[in-house]
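Participant: model_20.txt is reproduced below (compact mmCIF, C-alpha atoms).
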```
# COMPACT_ATOMS: atom_id res chain seq x y z
CA GLU A 1 46.28 21.66 -111.49
CA GLY A 2 47.12 25.00 -113.00
CA LYS A 3 47.22 28.49 -111.55
CA ARG A 4 43.56 29.39 -112.15
CA ALA A 5 42.18 26.08 -110.86
CA VAL A 6 44.38 26.25 -107.74
CA ALA A 7 43.35 29.86 -107.05
CA GLU A 8 39.65 28.99 -107.45
CA ALA A 9 40.00 25.94 -105.19
CA LEU A 10 41.64 28.02 -102.46
CA GLU A 11 39.05 30.79 -102.79
CA ALA A 12 36.18 28.31 -102.59
CA GLY A 13 37.63 26.54 -99.55
CA VAL A 14 38.18 23.18 -101.23
CA PRO A 15 39.86 20.90 -98.63
CA VAL A 16 43.50 20.57 -99.73
CA ARG A 17 45.75 17.76 -98.50
CA ARG A 18 48.95 19.20 -100.01
CA ALA A 19 50.32 21.16 -102.93
CA PHE A 20 53.03 20.34 -105.43
CA VAL A 21 55.11 23.15 -106.92
CA ALA A 22 57.72 22.81 -109.64
CA ALA A 23 61.26 23.55 -108.49
CA ARG A 24 62.51 26.61 -110.37
CA PRO A 25 66.23 27.36 -110.17
CA HIS A 26 65.68 30.94 -111.42
CA GLY A 27 62.72 31.83 -109.19
CA GLN A 28 59.00 31.20 -109.25
CA ASP A 29 56.34 32.68 -111.43
CA PRO A 30 54.81 35.60 -109.44
CA THR A 31 51.32 34.06 -109.49
CA VAL A 32 52.62 30.70 -108.28
CA ALA A 33 54.63 32.49 -105.57
CA ARG A 34 51.44 34.27 -104.35
CA LEU A 35 49.54 30.98 -104.31
CA VAL A 36 52.34 29.27 -102.37
CA ALA A 37 52.38 32.11 -99.82
CA SER A 38 48.60 31.85 -99.44
CA MET A 39 48.78 28.10 -98.90
CA GLU A 40 51.59 28.40 -96.38
CA GLU A 41 49.53 30.98 -94.45
CA ARG A 42 46.69 28.43 -94.33
CA GLY A 43 48.99 25.69 -93.08
CA ILE A 44 48.84 23.67 -96.30
CA GLU A 45 51.90 21.51 -96.92
CA VAL A 46 53.71 22.70 -100.07
CA GLU A 47 56.12 20.22 -101.62
CA GLU A 48 58.68 21.37 -104.18
CA VAL A 49 59.06 18.71 -106.88
CA SER A 50 60.67 18.37 -110.28
CA LYS A 51 58.78 19.30 -113.43
CA ALA A 52 58.95 15.61 -114.39
CA THR A 53 57.14 14.69 -111.17
CA LEU A 54 54.44 17.28 -111.85
CA ASP A 55 54.13 16.03 -115.42
CA ALA A 56 53.66 12.49 -114.08
CA ILE A 57 50.86 13.42 -111.66
CA SER A 58 49.22 15.90 -114.03
CA TYR A 59 45.93 14.88 -115.65
CA HIS A 60 46.25 17.18 -118.67
CA GLY A 61 49.96 18.03 -118.62
CA THR A 62 49.05 21.71 -118.24
CA HIS A 63 49.88 22.17 -114.58
CA GLN A 64 51.68 25.53 -115.04
CA GLY A 65 54.06 24.53 -112.25
CA ILE A 66 51.44 23.93 -109.55
CA ALA A 67 48.96 21.21 -108.58
CA LEU A 68 46.90 20.26 -105.55
CA GLU A 69 46.03 17.00 -103.90
CA THR A 70 42.55 17.53 -102.50
CA GLU A 71 40.08 15.55 -100.49
CA PRO A 72 37.62 13.61 -102.67
CA PHE A 73 34.95 15.83 -104.22
CA ALA A 74 32.03 16.36 -101.85
CA TYR A 75 28.91 15.61 -103.87
CA ALA A 76 25.62 17.16 -102.87
CA ASP A 77 22.36 15.25 -102.87
CA ILE A 78 19.48 16.23 -105.13
CA HIS A 79 17.74 18.09 -102.31
CA GLU A 80 20.80 20.30 -101.77
CA VAL A 81 20.76 21.19 -105.47
CA ILE A 82 17.05 22.07 -105.18
CA GLU A 83 17.77 24.16 -102.08
CA ALA A 84 20.60 25.99 -103.89
CA ALA A 85 18.11 26.83 -106.65
CA GLY A 86 15.98 28.81 -104.21
CA THR A 87 12.33 29.51 -104.95
CA GLY A 88 12.53 31.73 -108.03
CA ASP A 89 13.83 31.26 -111.54
CA ALA A 90 16.60 28.68 -111.61
CA LEU A 91 18.49 26.41 -113.95
CA VAL A 92 19.67 22.89 -113.08
CA LEU A 93 21.49 20.68 -115.58
CA CYS A 94 20.93 16.91 -115.60
CA LEU A 95 23.72 15.25 -117.56
CA ASP A 96 23.12 11.79 -118.94
CA HIS A 97 25.94 9.73 -120.48
CA VAL A 98 28.61 12.43 -120.24
CA THR A 99 31.53 10.06 -119.82
CA ASP A 100 34.55 12.32 -120.35
CA GLU A 101 35.85 14.36 -117.40
CA GLY A 102 36.94 17.16 -119.71
CA ASN A 103 33.44 17.44 -121.16
CA LEU A 104 31.95 17.47 -117.67
CA GLY A 105 34.29 20.30 -116.70
CA ALA A 106 33.51 22.30 -119.83
CA ILE A 107 29.77 21.90 -119.23
CA ALA A 108 30.22 23.00 -115.60
CA ARG A 109 32.09 26.11 -116.77
CA SER A 110 29.25 27.03 -119.13
CA ALA A 111 26.65 26.18 -116.47
CA GLU A 112 28.26 28.55 -113.98
CA CYS A 113 28.38 31.30 -116.63
CA ALA A 114 24.68 30.71 -117.32
CA GLY A 115 23.89 31.03 -113.61
CA ALA A 116 22.96 27.39 -113.01
CA ALA A 117 22.24 26.40 -109.43
CA GLY A 118 23.68 22.94 -109.88
CA ILE A 119 24.37 19.86 -111.93
CA VAL A 120 23.00 16.34 -111.53
CA ILE A 121 24.99 13.35 -112.80
CA PRO A 122 24.34 9.61 -112.56
CA ASN A 123 26.66 7.58 -110.37
CA ARG A 124 27.22 4.96 -113.11
CA ARG A 125 28.27 5.21 -116.75
CA ALA A 126 29.20 8.87 -116.34
CA ALA A 127 32.25 10.99 -115.65
CA ALA A 128 32.92 11.82 -112.03
CA VAL A 129 34.33 15.08 -110.72
CA GLY A 130 38.04 14.38 -110.88
CA PRO A 131 41.19 16.27 -111.82
CA GLY A 132 40.28 16.51 -115.50
CA ALA A 133 36.81 17.87 -114.83
CA TYR A 134 38.08 20.31 -112.24
CA LYS A 135 40.88 21.63 -114.46
CA THR A 136 38.63 22.05 -117.50
CA SER A 137 35.96 23.76 -115.40
CA ALA A 138 38.49 26.51 -114.52
CA GLY A 139 37.29 26.26 -110.94
CA ALA A 140 33.55 26.39 -111.72
CA LEU A 141 33.01 23.04 -109.98
CA ALA A 142 34.07 24.66 -106.71
CA HIS A 143 31.08 27.01 -107.00
CA LEU A 144 28.33 24.64 -108.17
CA LYS A 145 26.37 22.00 -106.28
CA VAL A 146 26.87 18.68 -108.03
CA ALA A 147 24.61 15.78 -107.11
CA ARG A 148 25.53 12.23 -108.04
CA VAL A 149 22.37 10.14 -108.14
CA PRO A 150 21.58 6.42 -108.58
CA ASN A 151 18.59 7.09 -110.84
CA MET A 152 18.33 10.11 -113.15
CA ALA A 153 14.57 9.66 -113.74
CA THR A 154 13.93 9.87 -110.00
CA ALA A 155 16.12 12.99 -109.76
CA VAL A 156 14.16 14.65 -112.58
CA ASP A 157 10.92 13.73 -110.80
CA ASP A 158 12.27 15.35 -107.60
CA LEU A 159 13.07 18.51 -109.58
CA LYS A 160 9.59 18.51 -111.15
CA LYS A 161 8.02 18.21 -107.68
CA ALA A 162 10.04 21.32 -106.74
CA GLY A 163 8.45 23.26 -109.61
CA PHE A 164 10.99 22.67 -112.38
CA TRP A 165 10.06 22.12 -116.01
CA ALA A 166 12.13 19.37 -117.60
CA VAL A 167 13.40 20.18 -121.09
CA CYS A 168 15.79 18.16 -123.20
CA ALA A 169 18.75 19.24 -125.29
CA THR A 170 19.68 17.47 -128.50
CA GLU A 171 22.27 18.01 -131.19
CA HIS A 172 19.36 17.98 -133.69
CA ALA A 173 17.65 21.07 -132.22
CA GLU A 174 16.76 23.92 -134.54
CA GLN A 175 17.55 26.49 -131.86
CA GLY A 176 20.71 26.73 -129.74
CA VAL A 177 20.57 26.74 -125.95
CA TRP A 178 21.77 30.38 -125.80
CA GLU A 179 18.83 31.46 -128.01
CA SER A 180 16.27 29.52 -125.95
CA ASP A 181 13.98 30.99 -123.31
CA LEU A 182 15.15 29.35 -120.12
CA SER A 183 13.23 31.60 -117.76
CA GLY A 184 11.35 30.05 -114.88
CA ARG A 185 12.52 26.91 -113.11
CA VAL A 186 14.19 24.77 -115.75
CA CYS A 187 15.79 21.36 -115.54
CA LEU A 188 17.82 21.00 -118.74
CA VAL A 189 18.52 17.36 -119.57
```
Please, can you express the file's structure as structure tokens?
Facilitator:
Amino acid sequence: EGKRAVAEALEAGVPVRRAFVAARPHGQDPTVARLVASMEERGIEVEEVSKATLDAISYHGTHQGIALETEPFAYADIHEVIEAAGTGDALVLCLDHVTDEGNLGAIARSAECAGAAGIVIPNRRAAAVGPGAYKTSAGALAHLKVARVPNMATAVDDLKKAGFWAVCATEHAEQGVWESDLSGRVCLV
């Protein structure tokens, strides 16, 4: 939901089932109008609905007059994340006990800015990639490989076998992540 997230989803080729656009008696926002035209060119069904309907289906309530219904998020497996990292310096985030979709999205946004190759999340007791994560990520989740794994320790072992150093982040650290040397192949837990 939201203009930026919809634009990023379309640009990244996220499979869209249909779009919902707020009915505007005095004309559409120019950005929304461009997005609607782009979706219609792609053959995506665009349904005009009331603002109340958009508010009801909105995760955050910040839909900006447009939202998408997409196919379920296509998770990668750990080996696809490793492949996306290539053979040189790379950063992969392993998130343990991140249970809020908004926090997952915010972390994904920062990860993309930091040049991360991917994110690994557990398939239990953790947030999944849903509307809240996608919206908060500002589209970053459309550009990152995200693996959902049954066992985080095994995933970290797989990364270590691929030449990654596992380092842990803590709120008690004396040095912030942005001041840390993350060169080489780093798995940040």
Participant: Measuring atom to atom with all atoms listed in the file, identify which of A:Ala85, A:Glu174, A:Ala19, A:Val14 is nearest to Leu141 (chain A).
Facilitator: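 Closest residue, counting all atoms listed in the file: A:Val14.
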Participant: Counting only C-alpha atoms, which residues have an atom no more than 8 Å from (46.7, 15.9, -109.0) in the file's coordinates? Please list them as an NGL selection string.
Facilitator: :A and (1 or 57-59 or 67-70 or 131)
Participant: With distances taken over all atoms listed in the file, which residue among A:Arg109, A:Ile66, A:Leu10, A:Thr87 lies nearest Arg42 (chain A)?
Facilitator: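 Checking each candidate against Arg42 (chain A), we get A:Leu10 as the closest.
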Participant: Can you measure CA of His79 (chain A) to CA of Ala162 (chain A) for me? One decimal in Å is fine.
Facilitator: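 For CA of His79 (chain A) relative to CA of Ala162 (chain A), the distance reads 9.5 Å.
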Participant: In Å, with one decimal, what is the gap from CA of Gly139 (chain A) to CA of Ala12 (chain A)?
Facilitator: 8.7 Å
Participant: When you count only C-alpha atoms, which of these residues is closest to Ile107 (chain A): A:Gln64, A:Ser50, A:Phe164, A:Leu188?
Facilitator: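 Ranking A:Gln64, A:Ser50, A:Phe164, A:Leu188 by distance to Ile107 (chain A), first place goes to A:Leu188.
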Participant: Quote the spacing between CA of Ser38 (chain A) and CA of Ala142 (chain A) in Å to one decimal place.
Facilitator: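 Distance between the two atoms: 17.8 Å.
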Participant: Measuring between all atoms listed in the file, which one of A:Ala173, A:Ala127, A:Val98, A:Val81 shows the shortest distance to Val156 (chain A)?
Facilitator: A:Val81
Participant: Calculated over only C-alpha atoms, which of the candidates A:Val49, A:Leu159, A:Leu54, A:Val6 has the smallest distance to Arg185 (chain A)?
Facilitator: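 Looking at the shortest contact to Arg185 (chain A), the residue is A:Leu159.
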Participant: Measuring atom to atom with only C-alpha atoms, identify which of A:Ala108, A:Gly184, A:Phe20, A:Lys3 is nearest to Gly86 (chain A).
Facilitator: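 Looking at the shortest contact to Gly86 (chain A), the residue is A:Gly184.
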Participant: Start from the incomplete input, build N, CA and C atoms for region 143-154 of chain A, and deliver everything as a short mmCIF file (atom, residue, chain, number, x, y, z; two decimals), keeping the file's coordinate frame.
Facilitator:
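Contents of out.cif, freshly written:
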```cif
data_model
loop_
_atom_site.label_atom_id
_atom_site.label_comp_id
_atom_site.auth_asym_id
_atom_site.auth_seq_id
_atom_site.Cartn_x
_atom_site.Cartn_y
_atom_site.Cartn_z
N HIS A 143 32.16 26.06 -107.28
CA HIS A 143 31.08 27.01 -107.00
C HIS A 143 29.69 26.45 -107.28
N LEU A 144 29.62 25.25 -107.81
CA LEU A 144 28.33 24.64 -108.17
C LEU A 144 28.04 23.44 -107.27
N LYS A 145 26.78 23.24 -106.93
CA LYS A 145 26.37 22.00 -106.28
C LYS A 145 26.30 20.93 -107.36
N VAL A 146 26.92 19.80 -107.10
CA VAL A 146 26.87 18.68 -108.03
C VAL A 146 26.34 17.47 -107.27
N ALA A 147 25.20 16.97 -107.73
CA ALA A 147 24.61 15.78 -107.11
C ALA A 147 24.92 14.58 -107.99
N ARG A 148 25.30 13.50 -107.35
CA ARG A 148 25.53 12.23 -108.04
C ARG A 148 24.43 11.29 -107.58
N VAL A 149 23.59 10.86 -108.52
CA VAL A 149 22.37 10.14 -108.14
C VAL A 149 22.36 8.72 -108.73
N PRO A 150 21.66 7.79 -108.06
CA PRO A 150 21.58 6.42 -108.58
C PRO A 150 20.59 6.29 -109.73
N ASN A 151 19.62 7.21 -109.82
CA ASN A 151 18.59 7.09 -110.84
C ASN A 151 18.22 8.49 -111.34
N MET A 152 18.56 8.77 -112.60
CA MET A 152 18.33 10.11 -113.15
C MET A 152 16.83 10.41 -113.27
N ALA A 153 16.02 9.43 -113.61
CA ALA A 153 14.57 9.66 -113.74
C ALA A 153 13.97 10.10 -112.41
N THR A 154 14.41 9.49 -111.32
CA THR A 154 13.93 9.87 -110.00
C THR A 154 14.38 11.29 -109.66
#
```
